[in-house]
file final_33.csv (CSV, C-alpha atoms and all ligand atoms)
chain,number,residue,atom,x,y,z
H,1,MET,CA,173.2,76.1,145.9
H,2,ASN,CA,174.7,74.2,143.0
H,3,PHE,CA,177.7,75.2,141.0
H,4,ASN,CA,175.8,77.1,138.3
H,5,GLN,CA,173.7,78.9,140.9
H,6,GLU,CA,176.8,80.1,142.7
H,7,LEU,CA,178.3,81.4,139.5
H,8,GLN,CA,175.0,83.1,138.6
H,9,GLN,CA,175.0,84.9,142.0
H,10,GLU,CA,178.4,86.4,141.2
H,11,LEU,CA,177.3,87.4,137.8
H,12,ASP,CA,174.2,89.1,139.3
H,13,ALA,CA,176.5,91.0,141.7
H,14,LEU,CA,178.6,92.2,138.7
H,15,GLN,CA,175.5,93.3,136.9
H,16,ALA,CA,174.2,95.2,139.9
H,17,LYS,CA,177.5,97.2,140.0
H,18,GLY,CA,177.3,97.8,136.2
H,19,ASN,CA,180.4,95.6,135.7
H,20,LEU,CA,178.9,92.7,133.8
H,21,ARG,CA,180.7,92.0,130.6
H,22,GLN,CA,179.0,90.6,127.5
H,23,LEU,CA,180.3,89.7,124.1
H,24,PRO,CA,178.9,92.3,121.6
H,25,ALA,CA,177.4,90.9,118.4
H,26,LEU,CA,179.0,93.3,115.9
H,27,LYS,CA,179.5,93.4,112.2
H,28,HIS,CA,182.6,95.2,110.8
H,29,ASP,CA,182.5,97.4,107.8
H,30,GLY,CA,185.9,99.2,107.4
H,31,ARG,CA,185.8,102.2,109.8
H,32,TYR,CA,182.3,101.3,110.9
H,33,VAL,CA,180.7,98.7,113.1
H,34,THR,CA,177.0,97.7,113.2
H,35,VAL,CA,175.7,96.7,116.5
H,36,GLY,CA,172.0,95.9,117.2
H,37,GLY,CA,171.1,97.2,113.7
H,38,GLN,CA,172.9,100.5,114.2
H,39,ARG,CA,175.9,101.5,112.1
H,40,MET,CA,178.4,103.5,114.1
H,41,LEU,CA,181.9,105.0,113.6
H,42,ASN,CA,184.4,102.8,115.4
H,43,LEU,CA,186.2,104.8,118.1
H,44,SER,CA,187.3,101.8,120.0
H,45,SER,CA,189.6,100.0,117.7
H,46,ASN,CA,193.4,99.4,118.1
H,47,ASP,CA,193.8,99.6,114.3
H,48,TYR,CA,195.8,102.7,115.0
H,49,LEU,CA,197.2,103.3,111.5
H,50,GLY,CA,193.9,102.3,109.8
H,51,LEU,CA,195.5,99.4,108.1
H,52,ALA,CA,192.9,96.8,109.1
H,53,ALA,CA,190.3,99.0,107.3
H,54,ASP,CA,192.5,99.4,104.2
H,55,VAL,CA,191.1,97.2,101.5
H,56,ALA,CA,193.6,98.3,98.9
H,57,LEU,CA,196.5,97.1,101.1
H,58,ARG,CA,194.8,93.7,101.6
H,59,LYS,CA,194.4,93.4,97.8
H,60,GLU,CA,198.0,94.1,97.3
H,61,PHE,CA,198.9,91.4,99.8
H,62,LEU,CA,196.5,88.9,98.3
H,63,ASP,CA,198.1,89.4,94.9
H,64,THR,CA,201.4,88.0,96.4
H,65,LEU,CA,199.6,84.7,97.3
H,66,THR,CA,198.8,81.5,95.4
H,67,PRO,CA,197.0,78.4,96.7
H,68,GLU,CA,200.4,76.9,97.2
H,69,THR,CA,201.8,79.8,99.2
H,70,PHE,CA,198.6,80.5,101.2
H,71,LEU,CA,199.5,78.4,104.3
H,72,PRO,CA,196.6,78.6,106.8
H,73,THR,CA,198.2,76.6,109.5
H,74,SER,CA,201.6,75.7,110.8
H,75,SER,CA,200.2,72.4,112.2
H,76,SER,CA,202.8,72.3,115.0
H,77,SER,CA,204.9,74.0,117.6
H,78,ARG,CA,207.9,75.8,116.1
H,79,LEU,CA,210.2,73.5,117.9
H,80,LEU,CA,208.7,70.5,116.1
H,81,THR,CA,207.6,71.0,112.5
H,82,GLY,CA,206.0,74.4,112.7
H,83,ASN,CA,209.0,76.6,112.0
H,84,PHE,CA,208.2,77.8,108.5
H,85,GLN,CA,210.8,79.9,106.8
H,86,ILE,CA,208.6,83.0,107.0
H,87,TYR,CA,209.1,83.0,110.8
H,88,ASP,CA,212.9,83.3,110.3
H,89,GLU,CA,212.4,86.0,107.6
H,90,LEU,CA,210.1,88.0,109.9
H,91,GLU,CA,212.5,87.7,112.9
H,92,ALA,CA,215.5,88.6,110.7
H,93,GLU,CA,213.6,91.7,109.4
H,94,LEU,CA,212.7,92.8,112.9
H,95,ALA,CA,216.2,92.4,114.1
H,96,ARG,CA,217.5,94.4,111.1
H,97,LEU,CA,214.9,97.2,111.5
H,98,PHE,CA,215.6,97.6,115.3
H,99,GLY,CA,219.4,97.3,114.7
H,100,ALA,CA,219.4,94.5,117.3
H,101,GLU,CA,221.1,91.1,117.6
H,102,ALA,CA,217.9,89.1,117.6
H,103,ALA,CA,214.1,89.0,117.6
H,104,LEU,CA,211.7,86.2,118.6
H,105,VAL,CA,208.1,86.1,117.5
H,106,PHE,CA,205.2,84.8,119.7
H,107,ASN,CA,201.5,84.0,119.0
H,108,CYS,CA,200.3,87.0,120.9
H,109,GLY,CA,201.3,89.7,123.4
H,110,TYR,CA,199.6,87.7,126.1
H,111,HIS,CA,202.0,84.8,125.5
H,112,ALA,CA,205.0,87.1,125.4
H,113,ASN,CA,204.1,88.8,128.7
H,114,THR,CA,203.1,85.6,130.5
H,115,GLY,CA,206.1,83.7,129.2
H,116,ILE,CA,209.2,85.8,129.2
H,117,LEU,CA,209.3,86.8,132.9
H,118,PRO,CA,208.6,83.3,134.3
H,119,ALA,CA,211.4,82.0,132.0
H,120,VAL,CA,214.1,84.4,133.2
H,121,ALA,CA,213.1,85.1,136.8
H,122,ASN,CA,214.0,83.0,139.9
H,123,ALA,CA,214.0,83.3,143.7
H,124,GLN,CA,216.9,85.8,143.5
H,125,THR,CA,215.0,88.1,141.2
H,126,LEU,CA,213.1,91.2,142.2
H,127,ILE,CA,210.5,92.5,139.7
H,128,LEU,CA,209.6,96.2,140.0
H,129,ALA,CA,206.5,96.8,137.9
H,130,ASP,CA,204.4,99.9,137.3
H,131,LYS,CA,201.1,99.8,139.1
H,132,LEU,CA,199.2,100.1,135.8
H,133,VAL,CA,200.9,97.4,133.7
H,134,HIS,CA,198.6,95.3,131.5
H,135,ALA,CA,196.9,92.2,132.9
H,136,SER,CA,199.1,90.0,130.7
H,137,LEU,CA,202.2,91.3,132.6
H,138,ILE,CA,200.5,90.9,135.9
H,139,ASP,CA,199.9,87.2,135.0
H,140,GLY,CA,203.5,86.9,133.9
H,141,ILE,CA,204.6,88.2,137.3
H,142,ARG,CA,202.3,85.8,139.1
H,143,LEU,CA,203.8,82.9,137.2
H,144,SER,CA,207.3,84.1,138.1
H,145,ALA,CA,207.0,83.1,141.7
H,146,PRO,CA,209.2,82.6,143.7
H,147,ALA,CA,210.5,85.9,142.3
H,148,ARG,CA,209.4,88.8,144.5
H,149,CYS,CA,207.5,91.7,142.9
H,150,ILE,CA,206.9,95.2,144.1
H,151,ARG,CA,204.5,97.4,142.2
H,152,TYR,CA,205.5,101.1,142.1
H,153,ARG,CA,203.0,103.9,141.8
H,154,HIS,CA,202.1,104.6,138.3
H,155,ASN,CA,204.9,106.5,136.5
H,156,ASP,CA,206.4,107.5,139.9
H,157,LEU,CA,210.0,107.1,138.8
H,158,ALA,CA,211.3,108.7,142.0
H,159,GLN,CA,209.7,105.9,144.0
H,160,LEU,CA,211.1,103.4,141.5
H,161,GLU,CA,214.6,104.9,141.9
H,162,ARG,CA,214.4,104.5,145.6
H,163,LEU,CA,213.3,100.9,145.3
H,164,VAL,CA,216.1,100.1,142.9
H,165,HIS,CA,218.8,101.7,145.0
H,166,GLU,CA,217.5,100.1,148.2
H,167,ASN,CA,217.3,96.6,146.7
H,168,ALA,CA,220.0,96.4,144.1
H,169,GLY,CA,222.4,94.9,146.7
H,170,GLN,CA,219.9,92.4,148.0
H,171,TYR,CA,219.0,90.6,144.8
H,172,HIS,CA,220.9,88.8,142.1
H,173,ARG,CA,218.8,90.6,139.5
H,174,ILE,CA,216.2,93.4,139.3
H,175,ILE,CA,213.8,93.6,136.3
H,176,ILE,CA,212.0,96.8,135.8
H,177,VAL,CA,208.7,96.2,134.0
H,178,THR,CA,206.7,98.9,132.3
H,179,GLU,CA,204.7,99.8,129.2
H,180,SER,CA,205.8,102.7,127.1
H,181,VAL,CA,202.3,103.9,126.2
H,182,PHE,CA,199.8,102.8,128.9
H,183,SER,CA,196.8,101.0,127.5
H,184,MET,CA,194.1,102.5,129.7
H,185,ASP,CA,195.5,106.0,130.4
H,186,GLY,CA,197.2,106.6,127.1
H,187,ASP,CA,200.2,108.3,128.9
H,188,ARG,CA,203.8,107.5,128.3
H,189,THR,CA,206.7,106.7,130.6
H,190,ASP,CA,210.1,108.4,130.5
H,191,LEU,CA,212.2,105.7,128.9
H,192,ARG,CA,215.4,107.7,129.0
H,193,ARG,CA,215.1,108.1,132.7
H,194,LEU,CA,214.6,104.4,133.1
H,195,VAL,CA,217.7,103.7,131.0
H,196,GLN,CA,219.7,106.1,133.1
H,197,LEU,CA,218.5,104.4,136.3
H,198,LYS,CA,219.4,101.0,134.8
H,199,SER,CA,222.9,102.2,134.0
H,200,CYS,CA,223.6,102.9,137.7
H,201,HIS,CA,223.5,99.2,138.6
H,202,GLU,CA,224.9,96.2,136.7
H,203,ASN,CA,222.2,93.8,137.8
H,204,VAL,CA,219.2,95.9,136.6
H,205,LEU,CA,217.3,94.8,133.4
H,206,LEU,CA,214.6,96.7,131.5
H,207,TYR,CA,211.4,95.1,130.2
H,208,VAL,CA,209.3,97.5,128.1
H,209,ASP,CA,205.9,96.6,126.5
H,210,GLU,CA,205.3,98.7,123.4
H,211,ALA,CA,202.0,97.1,122.4
H,212,HIS,CA,200.4,100.6,121.9
H,213,ALA,CA,203.5,102.3,120.5
H,214,PHE,CA,204.7,99.9,117.8
H,215,GLY,CA,203.8,101.4,114.5
H,216,VAL,CA,202.6,104.6,116.1
H,217,PHE,CA,205.7,106.3,117.5
H,218,GLY,CA,209.3,106.7,116.3
H,219,PRO,CA,210.7,108.1,113.1
H,220,THR,CA,210.1,104.7,111.3
H,221,GLY,CA,207.3,103.5,113.5
H,222,LEU,CA,209.3,101.2,115.7
H,223,GLY,CA,207.9,102.7,118.9
H,224,CYS,CA,208.8,105.0,121.8
H,225,ALA,CA,212.2,103.4,122.3
H,226,GLU,CA,213.1,104.4,118.7
H,227,GLU,CA,211.8,107.9,119.3
H,228,ASP,CA,213.8,108.2,122.5
H,229,GLY,CA,217.0,106.6,120.9
H,230,CYS,CA,217.2,103.9,123.5
H,231,ILE,CA,216.4,100.6,121.7
H,232,ALA,CA,219.8,99.1,122.5
H,233,ASP,CA,219.4,99.9,126.2
H,234,ILE,CA,216.2,97.8,126.7
H,235,ASP,CA,216.8,94.1,127.5
H,236,PHE,CA,213.3,92.9,126.6
H,237,LEU,CA,211.7,95.2,124.1
H,238,VAL,CA,208.2,93.7,123.5
H,239,GLY,CA,205.6,94.7,120.9
H,240,THR,CA,202.5,93.3,119.4
H,241,PHE,CA,201.2,92.9,115.9
H,242,GLY,CA,197.4,92.9,116.7
H,243,LYS,CA,197.1,96.7,117.0
H,244,ALA,CA,198.9,99.1,114.6
H,245,ALA,CA,200.3,96.3,112.5
H,246,ALA,CA,196.8,95.0,111.8
H,247,SER,CA,197.8,91.4,112.2
H,248,ALA,CA,198.3,89.0,115.1
H,249,GLY,CA,201.3,88.0,117.2
H,250,ALA,CA,204.0,89.6,119.2
H,251,TYR,CA,207.8,90.0,119.3
H,252,VAL,CA,210.7,90.6,121.7
H,253,ILE,CA,213.8,92.4,120.5
H,254,CYS,CA,216.8,91.0,122.6
H,255,SER,CA,220.2,89.5,122.5
H,256,HIS,CA,221.1,86.2,120.7
H,257,THR,CA,221.6,84.6,124.1
H,258,VAL,CA,218.2,85.7,125.5
H,259,ARG,CA,216.5,84.5,122.3
H,260,ASP,CA,218.2,81.1,122.6
H,261,TYR,CA,217.3,80.9,126.3
H,262,LEU,CA,213.6,81.7,125.6
H,263,VAL,CA,213.4,79.1,122.9
H,264,ASN,CA,214.5,76.6,125.5
H,265,ARG,CA,212.7,77.8,128.6
H,266,MET,CA,209.6,79.8,127.7
H,267,ARG,CA,206.5,77.7,128.0
H,268,PRO,CA,204.0,79.7,125.9
H,269,PHE,CA,206.6,79.7,123.1
H,270,ILE,CA,207.3,75.9,123.3
H,271,PHE,CA,203.9,74.4,124.0
H,272,THR,CA,201.7,76.0,121.4
H,273,THR,CA,201.0,75.6,117.7
H,274,ALA,CA,202.7,78.4,115.9
H,275,LEU,CA,200.6,81.1,114.2
H,276,PRO,CA,199.7,80.3,110.5
H,277,PRO,CA,202.5,81.1,108.0
H,278,VAL,CA,200.0,83.3,106.0
H,279,CYS,CA,199.5,85.4,109.1
H,280,MET,CA,203.3,85.9,109.4
H,281,ALA,CA,203.5,86.7,105.7
H,282,TRP,CA,200.9,89.5,106.2
H,283,THR,CA,202.8,90.7,109.3
H,284,LEU,CA,206.0,90.9,107.3
H,285,PHE,CA,204.2,92.6,104.5
H,286,VAL,CA,203.0,95.3,106.9
H,287,VAL,CA,206.2,95.6,108.9
H,288,ARG,CA,208.1,96.4,105.7
H,289,ARG,CA,205.8,99.3,105.0
H,290,LEU,CA,205.7,100.8,108.5
H,291,SER,CA,208.6,103.2,107.9
H,292,GLY,CA,206.7,104.8,105.0
H,293,MET,CA,203.7,105.6,107.1
H,294,ASN,CA,204.7,108.9,108.8
H,295,ALA,CA,201.7,110.8,107.3
H,296,ARG,CA,199.3,108.3,109.0
H,297,ARG,CA,201.3,108.7,112.3
H,298,GLN,CA,201.2,112.5,112.2
H,299,HIS,CA,197.5,112.5,111.4
H,300,LEU,CA,196.8,110.1,114.3
H,301,GLN,CA,198.7,112.3,116.7
H,302,SER,CA,196.9,115.4,115.5
H,303,LEU,CA,193.5,113.7,116.1
H,304,GLY,CA,194.6,112.8,119.6
H,305,ARG,CA,195.5,116.4,120.3
H,306,GLN,CA,192.2,117.6,118.9
H,307,LEU,CA,190.2,115.2,121.1
H,308,ARG,CA,192.2,116.0,124.2
H,309,SER,CA,191.7,119.7,123.7
H,310,ARG,CA,187.9,119.1,123.3
H,311,LEU,CA,187.9,117.1,126.6
H,312,GLU,CA,189.9,119.8,128.4
H,313,GLN,CA,187.4,122.5,127.2
H,314,GLN,CA,184.7,120.5,128.9
H,315,ASP,CA,186.8,120.3,132.1
H,316,TYR,CA,187.8,116.7,131.8
H,317,SER,CA,191.4,116.1,132.8
H,318,THR,CA,192.9,113.3,130.8
H,319,PRO,CA,196.3,111.8,131.4
H,320,SER,CA,196.7,110.9,127.7
H,321,THR,CA,199.6,112.0,125.5
H,322,SER,CA,198.8,109.6,122.7
H,323,GLN,CA,196.1,108.1,120.4
H,324,ILE,CA,194.5,106.4,123.5
H,325,VAL,CA,192.3,109.1,125.1
H,326,PRO,CA,190.3,108.2,128.2
H,327,MET,CA,187.4,110.3,129.3
H,328,ILE,CA,187.4,109.5,133.0
H,329,ILE,CA,183.8,109.6,134.4
H,330,GLY,CA,184.0,107.7,137.7
H,331,ALA,CA,181.0,105.5,138.4
H,332,SER,CA,180.5,102.5,136.1
H,333,ALA,CA,176.7,103.2,135.7
H,334,ASP,CA,177.3,106.8,134.6
H,335,THR,CA,180.0,105.7,132.2
H,336,ILE,CA,177.6,103.2,130.6
H,337,ILE,CA,174.9,105.9,130.2
H,338,ARG,CA,177.4,108.2,128.5
H,339,ALA,CA,178.7,105.5,126.2
H,340,GLU,CA,175.1,104.6,125.2
H,341,HIS,CA,174.5,108.3,124.5
H,342,MET,CA,177.4,108.4,122.1
H,343,GLN,CA,176.4,105.1,120.5
H,344,ARG,CA,172.8,106.5,119.9
H,345,HIS,CA,174.5,109.3,118.0
H,346,GLY,CA,176.5,107.0,115.8
H,347,PHE,CA,179.8,106.8,117.6
H,348,TYR,CA,181.0,103.4,118.9
H,349,ALA,CA,182.7,104.4,122.1
H,350,LEU,CA,183.0,101.8,124.9
H,351,PRO,CA,183.0,102.0,128.6
H,352,VAL,CA,186.0,100.5,130.5
H,353,ARG,CA,185.2,99.4,134.0
H,354,PRO,CA,186.8,97.6,137.0
H,355,PRO,CA,188.6,95.3,137.1
H,356,THR,CA,190.3,96.6,133.9
H,357,VAL,CA,190.7,100.0,135.6
H,358,PRO,CA,190.8,100.9,139.3
H,359,GLU,CA,187.5,101.2,141.1
H,360,GLY,CA,186.0,104.7,140.7
H,361,THR,CA,187.8,105.5,137.5
H,362,SER,CA,185.4,104.0,135.0
H,363,ARG,CA,185.9,105.7,131.7
H,364,ILE,CA,185.1,105.9,128.0
H,365,ARG,CA,188.3,104.9,126.3
H,366,PHE,CA,188.6,106.5,122.9
H,367,SER,CA,191.1,104.5,120.8
H,368,LEU,CA,191.7,106.6,117.7
H,369,THR,CA,192.9,105.5,114.3
H,370,ALA,CA,194.4,107.3,111.3
H,371,ALA,CA,191.4,106.4,109.3
H,372,LEU,CA,189.3,109.0,111.2
H,373,THR,CA,188.9,112.6,110.2
H,374,GLU,CA,189.0,115.9,112.1
H,375,GLU,CA,185.3,116.5,111.3
H,376,GLU,CA,184.5,113.2,112.9
H,377,ILE,CA,186.4,114.0,116.0
H,378,ALA,CA,184.7,117.4,116.2
H,379,ALA,CA,181.3,115.7,116.0
H,380,ILE,CA,181.7,113.3,118.9
H,381,PRO,CA,178.9,114.2,121.4
H,382,LEU,CA,181.1,114.5,124.5
R,1,LIG,C1,200.0,96.6,126.9
R,1,LIG,C2,199.5,95.3,126.3
R,1,LIG,N1,200.3,94.3,126.2
R,1,LIG,C3,199.9,93.1,125.8
R,1,LIG,C4,198.7,92.9,125.3
R,1,LIG,C5,198.3,91.6,124.8
R,1,LIG,O1,198.6,91.5,123.4
R,1,LIG,P1,197.8,90.5,122.5
R,1,LIG,O2,196.4,91.1,122.2
R,1,LIG,O3,198.6,90.3,121.3
R,1,LIG,O4,197.6,89.2,123.3
R,1,LIG,C6,197.8,94.0,125.3
R,1,LIG,C7,196.4,93.9,124.8
R,1,LIG,O5,196.0,93.3,123.9
R,1,LIG,C8,198.2,95.2,125.8
R,1,LIG,O6,197.3,96.3,125.9
call {"tool": "encode", "arguments": {"input": "final_33.csv", "output": "C-alpha cells"}}
result
Amino acid sequence: MNFNQELQQELDALQAKGNLRQLPALKHDGRYVTVGGQRMLNLSSNDYLGLAADVALRKEFLDTLTPETFLPTSSSSRLLTGNFQIYDELEAELARLFGAEAALVFNCGYHANTGILPAVANAQTLILADKLVHASLIDGIRLSAPARCIRYRHNDLAQLERLVHENAGQYHRIIIVTESVFSMDGDRTDLRRLVQLKSCHENVLLYVDEAHAFGVFGPTGLGCAEEDGCIADIDFLVGTFGKAAASAGAYVICSHTVRDYLVNRMRPFIFTTALPPVCMAWTLFVVRRLSGMNARRQHLQSLGRQLRSRLEQQDYSTPSTSQIVPMIIGASADTIIRAEHMQRHGFYALPVRPPTVPEGTSRIRFSLTAALTEEEIAAIPL
C-alpha cells in the first residue's frame, strides 16, 4: 500500500463510523447560510451578539477608514516591524476595561492556548486541567512537556481540590486550567470556588479561557470573571475575538511582568506575522461598544433558556447554562440523521462527533446568537 492508500483506508474507516469531516461549501447571507442550494437559518455560528451579521455596524466602521488608514497587513512579526500603534491602543483599552495591569493580543485563541502554557511551564510545574478543555489547550499542555499534567473530571472541583492539596508541596508551581463556558457542553465552571482554592496555596496559578464568555457574560460583557467579580484573581485570563466580538484574534489579561515574559518567550507570539492593523481597528471598534450591548446579551440568554426548556420538555437532559446548547443524541449516525432533518426544514444545525466530543456523546450543538428570534427558536424541529 502506498502513502495515499494508507491515508484513504483511515478516511474510509472514519466514514464507516459516521465521523468523516468535510468542508461545507456555504454562502453567508447575514443570519442565513445557503448550502447545496438550500437557504437555512444559521444555528451554528459563534457570532453570539449578532455583530457579524450587523451591516449597519460594519458601515459605521467603514466610514472611519480611508485608503491610507485601511492597512490590510502588518507585513511582519510584532517584534520586528509589525507592531502598529493600533495594537498598543487595543491592549491599553483592554487593560483599562478589565482594570488590569496589562493585556497582550495574539493572532487567535489557538495561538494563545498553545503558546502561554509552554512559555511559563517547566519540569517543576504541575498542570491540572479540566477533562473537557478545548483542543487548543490540550495542545498547549502537550507542548509544555516536561511539565506534568493531570486532567480532573469535568467540573469536579472536589477532585481538583484534592489534587491541589496533595500536590502543592511537591511542585514549584501548579497551574489550574479551565474554560469558563465550556465549548461543547455550554456549562460553566465555578470561578469563585477556583479562586478560593487558589488562595489556599501561594504556588497555585489560575488560567481561564473565556472564549465563549467574552462579550456574552458580565455587566459590561467582559466575561464570567467580570460577572463573578474575580478578574484580578485570575493570572491568565484569556479570551478570543472570533466569536462574540465578530473579529479575529485573542488576548490575555495579566500582570506587566507576565506580559513582558510572554513577549520574550512565547513562540506563537514571536514567530508569526501579526494580524492586519485593520482587523485590530475593527476589534477595538467593537470592544469599545461591548459595554452598551446588554439588551443583546439579555436576549441571547433568554433564547438559551427557551431552547433548553424545549429540549427538557422532550426529555433531553442538557448540561448547558449558556447560549451553547447541546442536544446530546449518542451515536454519530443518528446525530447526522437528526441534523439533516433540521437542515431540510431550513435550520442549519450541525452534528458534533468524536474526537471533538467523547465517544457515544455525539450531539447537535446549537450555538445561538442575539440575531435570532423567539419565534425561530420555537420553530426548530427538535
Ligand atoms: C474554548 C476555546 N478556546 C480557544 C479557541 C480557539 O480560538 P480561535 O478560534 O481564536 O483560534 C476556541 C475555538 O475556536 C475555543 O472554543
call {"tool": "residues_near_ligand", "arguments": {"input": "final_33.csv", "ligand": "ligand LIG 1 (chain R)", "cutoff": "9 Å", "atoms": "only C-alpha atoms and all ligand atoms", "output": "PyMOL selection string"}}
result
chain H and resi 46+106-113+133-137+178-184+209-212+238-243+248-250
call {"tool": "write_last_selection", "arguments": {"input": "final_33.csv", "atoms": "C-alpha atoms", "output": "PDB file, in the coordinates of the input"}}
result
ATOM      1  CA  ASN H  46     193.400  99.400 118.100  1.00  0.00           C
ATOM      2  CA  PHE H 106     205.200  84.800 119.700  1.00  0.00           C
ATOM      3  CA  ASN H 107     201.500  84.000 119.000  1.00  0.00           C
ATOM      4  CA  CYS H 108     200.300  87.000 120.900  1.00  0.00           C
ATOM      5  CA  GLY H 109     201.300  89.700 123.400  1.00  0.00           C
ATOM      6  CA  TYR H 110     199.600  87.700 126.100  1.00  0.00           C
ATOM      7  CA  HIS H 111     202.000  84.800 125.500  1.00  0.00           C
ATOM      8  CA  ALA H 112     205.000  87.100 125.400  1.00  0.00           C
ATOM      9  CA  ASN H 113     204.100  88.800 128.700  1.00  0.00           C
ATOM     10  CA  VAL H 133     200.900  97.400 133.700  1.00  0.00           C
ATOM     11  CA  HIS H 134     198.600  95.300 131.500  1.00  0.00           C
ATOM     12  CA  ALA H 135     196.900  92.200 132.900  1.00  0.00           C
ATOM     13  CA  SER H 136     199.100  90.000 130.700  1.00  0.00           C
ATOM     14  CA  LEU H 137     202.200  91.300 132.600  1.00  0.00           C
ATOM     15  CA  THR H 178     206.700  98.900 132.300  1.00  0.00           C
ATOM     16  CA  GLU H 179     204.700  99.800 129.200  1.00  0.00           C
ATOM     17  CA  SER H 180     205.800 102.700 127.100  1.00  0.00           C
ATOM     18  CA  VAL H 181     202.300 103.900 126.200  1.00  0.00           C
ATOM     19  CA  PHE H 182     199.800 102.800 128.900  1.00  0.00           C
ATOM     20  CA  SER H 183     196.800 101.000 127.500  1.00  0.00           C
ATOM     21  CA  MET H 184     194.100 102.500 129.700  1.00  0.00           C
ATOM     22  CA  ASP H 209     205.900  96.600 126.500  1.00  0.00           C
ATOM     23  CA  GLU H 210     205.300  98.700 123.400  1.00  0.00           C
ATOM     24  CA  ALA H 211     202.000  97.100 122.400  1.00  0.00           C
ATOM     25  CA  HIS H 212     200.400 100.600 121.900  1.00  0.00           C
ATOM     26  CA  VAL H 238     208.200  93.700 123.500  1.00  0.00           C
ATOM     27  CA  GLY H 239     205.600  94.700 120.900  1.00  0.00           C
ATOM     28  CA  THR H 240     202.500  93.300 119.400  1.00  0.00           C
ATOM     29  CA  PHE H 241     201.200  92.900 115.900  1.00  0.00           C
ATOM     30  CA  GLY H 242     197.400  92.900 116.700  1.00  0.00           C
ATOM     31  CA  LYS H 243     197.100  96.700 117.000  1.00  0.00           C
ATOM     32  CA  ALA H 248     198.300  89.000 115.100  1.00  0.00           C
ATOM     33  CA  GLY H 249     201.300  88.000 117.200  1.00  0.00           C
ATOM     34  CA  ALA H 250     204.000  89.600 119.200  1.00  0.00           C
TER      35      ALA H 250
END
call {"tool": "residues_around", "arguments": {"input": "final_33.csv", "residues": "stretch 333-336 of chain H", "least_positions_apart": "2", "cutoff": "12 Å", "atoms": "all atoms listed in the file", "output": "ChimeraX atom specification"}}
result
/H:14-21,326-331,338-343,349-354,360-365,382
call {"tool": "residues_around", "arguments": {"input": "final_33.csv", "residues": "H:Arg296", "least_positions_apart": "3", "cutoff": "6 Å", "atoms": "only C-alpha atoms", "output": "list in words"}}
result
Leu49, Met293, His299 and Ala370 of chain H
call {"tool": "closest_residue", "arguments": {"input": "final_33.csv", "among": "H:Thr257, H:Thr69, H:Gln313, H:Thr34", "to": "H:Ala102", "atoms": "all atoms listed in the file"}}
result
H:Thr257
call {"tool": "residues_near_point", "arguments": {"input": "final_33.csv", "point": "(210.7, 87.2, 119.0)", "cutoff": "10 Å", "atoms": "all atoms listed in the file", "output": "short mmCIF file (atom, residue, chain, number, x, y, z; two decimals) with C-alpha atoms, in the frame of the given file"}}
result
data_model
loop_
_atom_site.label_atom_id
_atom_site.label_comp_id
_atom_site.auth_asym_id
_atom_site.auth_seq_id
_atom_site.Cartn_x
_atom_site.Cartn_y
_atom_site.Cartn_z
CA TYR H 87 209.10 83.00 110.80
CA ASP H 88 212.90 83.30 110.30
CA LEU H 90 210.10 88.00 109.90
CA GLU H 91 212.50 87.70 112.90
CA ALA H 92 215.50 88.60 110.70
CA LEU H 94 212.70 92.80 112.90
CA ALA H 95 216.20 92.40 114.10
CA ALA H 102 217.90 89.10 117.60
CA ALA H 103 214.10 89.00 117.60
CA LEU H 104 211.70 86.20 118.60
CA VAL H 105 208.10 86.10 117.50
CA PHE H 106 205.20 84.80 119.70
CA ASN H 107 201.50 84.00 119.00
CA ALA H 112 205.00 87.10 125.40
CA PHE H 236 213.30 92.90 126.60
CA LEU H 237 211.70 95.20 124.10
CA VAL H 238 208.20 93.70 123.50
CA GLY H 239 205.60 94.70 120.90
CA GLY H 249 201.30 88.00 117.20
CA ALA H 250 204.00 89.60 119.20
CA TYR H 251 207.80 90.00 119.30
CA VAL H 252 210.70 90.60 121.70
CA ILE H 253 213.80 92.40 120.50
CA CYS H 254 216.80 91.00 122.60
CA ARG H 259 216.50 84.50 122.30
CA LEU H 262 213.60 81.70 125.60
CA VAL H 263 213.40 79.10 122.90
CA PHE H 269 206.60 79.70 123.10
#
call {"tool": "closest_residue", "arguments": {"input": "final_33.csv", "among": "H:Arg344, H:Leu97, H:Leu206, H:Ala145", "to": "H:Gly36", "atoms": "only C-alpha atoms"}}
result
H:Arg344
call {"tool": "residues_around", "arguments": {"input": "final_33.csv", "residues": "H:Phe70", "least_positions_apart": "4", "cutoff": "10 Å", "atoms": "only C-alpha atoms", "output": "list of chain:residue names"}}
result
H:Leu62, H:Thr64, H:Leu65, H:Thr66, H:Pro276, H:Pro277, H:Val278, H:Cys279, H:Ala281
call {"tool": "closest_residue", "arguments": {"input": "final_33.csv", "among": "H:Leu11, H:Ala274, H:Val286, H:Ile377", "to": "H:Ser247", "atoms": "all atoms listed in the file"}}
result
H:Val286
call {"tool": "residues_around", "arguments": {"input": "final_33.csv", "residues": "H:Asn122", "least_positions_apart": "2", "cutoff": "7 Å", "atoms": "all atoms listed in the file", "output": "list in words"}}
result
Val120, Gln124, Thr125, Pro146 and Ala147 of chain H
call {"tool": "atom_distance", "arguments": {"input": "final_33.csv", "atom1": "atom CA of H:Leu7", "atom2": "atom CA of H:Asp139"}}
result
22.8 Å
call {"tool": "closest_residue", "arguments": {"input": "final_33.csv", "among": "H:Gln8, H:Leu80, H:Asp235, H:Gly215", "to": "H:Thr283", "atoms": "only C-alpha atoms"}}
result
H:Gly215
call {"tool": "atom_distance", "arguments": {"input": "final_33.csv", "atom1": "atom CA of H:Ala371", "atom2": "atom CA of H:Gln323"}}
result
12.2 Å
call {"tool": "atom_distance", "arguments": {"input": "final_33.csv", "atom1": "atom CA of H:Leu205", "atom2": "atom CA of H:Arg173"}}
result
7.6 Å
call {"tool": "decode", "arguments": {"input": "final_33.csv", "residues": "stretch 203-214 of chain H", "atoms": "C-alpha atoms", "output": "short mmCIF file (atom, residue, chain, number, x, y, z; two decimals), in the first residue's frame"}}
result
data_model
loop_
_atom_site.label_atom_id
_atom_site.label_comp_id
_atom_site.auth_asym_id
_atom_site.auth_seq_id
_atom_site.Cartn_x
_atom_site.Cartn_y
_atom_site.Cartn_z
CA ASN H 203 2.18 28.48 44.32
CA VAL H 204 -1.15 27.94 42.53
CA LEU H 205 -1.99 29.95 39.39
CA LEU H 206 -5.30 30.15 37.50
CA TYR H 207 -5.62 30.03 33.71
CA VAL H 208 -9.17 30.64 32.44
CA ASP H 209 -10.25 30.58 28.79
CA GLU H 210 -13.28 32.84 28.28
CA ALA H 211 -13.56 32.30 24.51
CA HIS H 212 -17.30 31.61 24.78
CA ALA H 213 -17.98 34.12 27.55
CA PHE H 214 -16.23 37.30 26.34
#
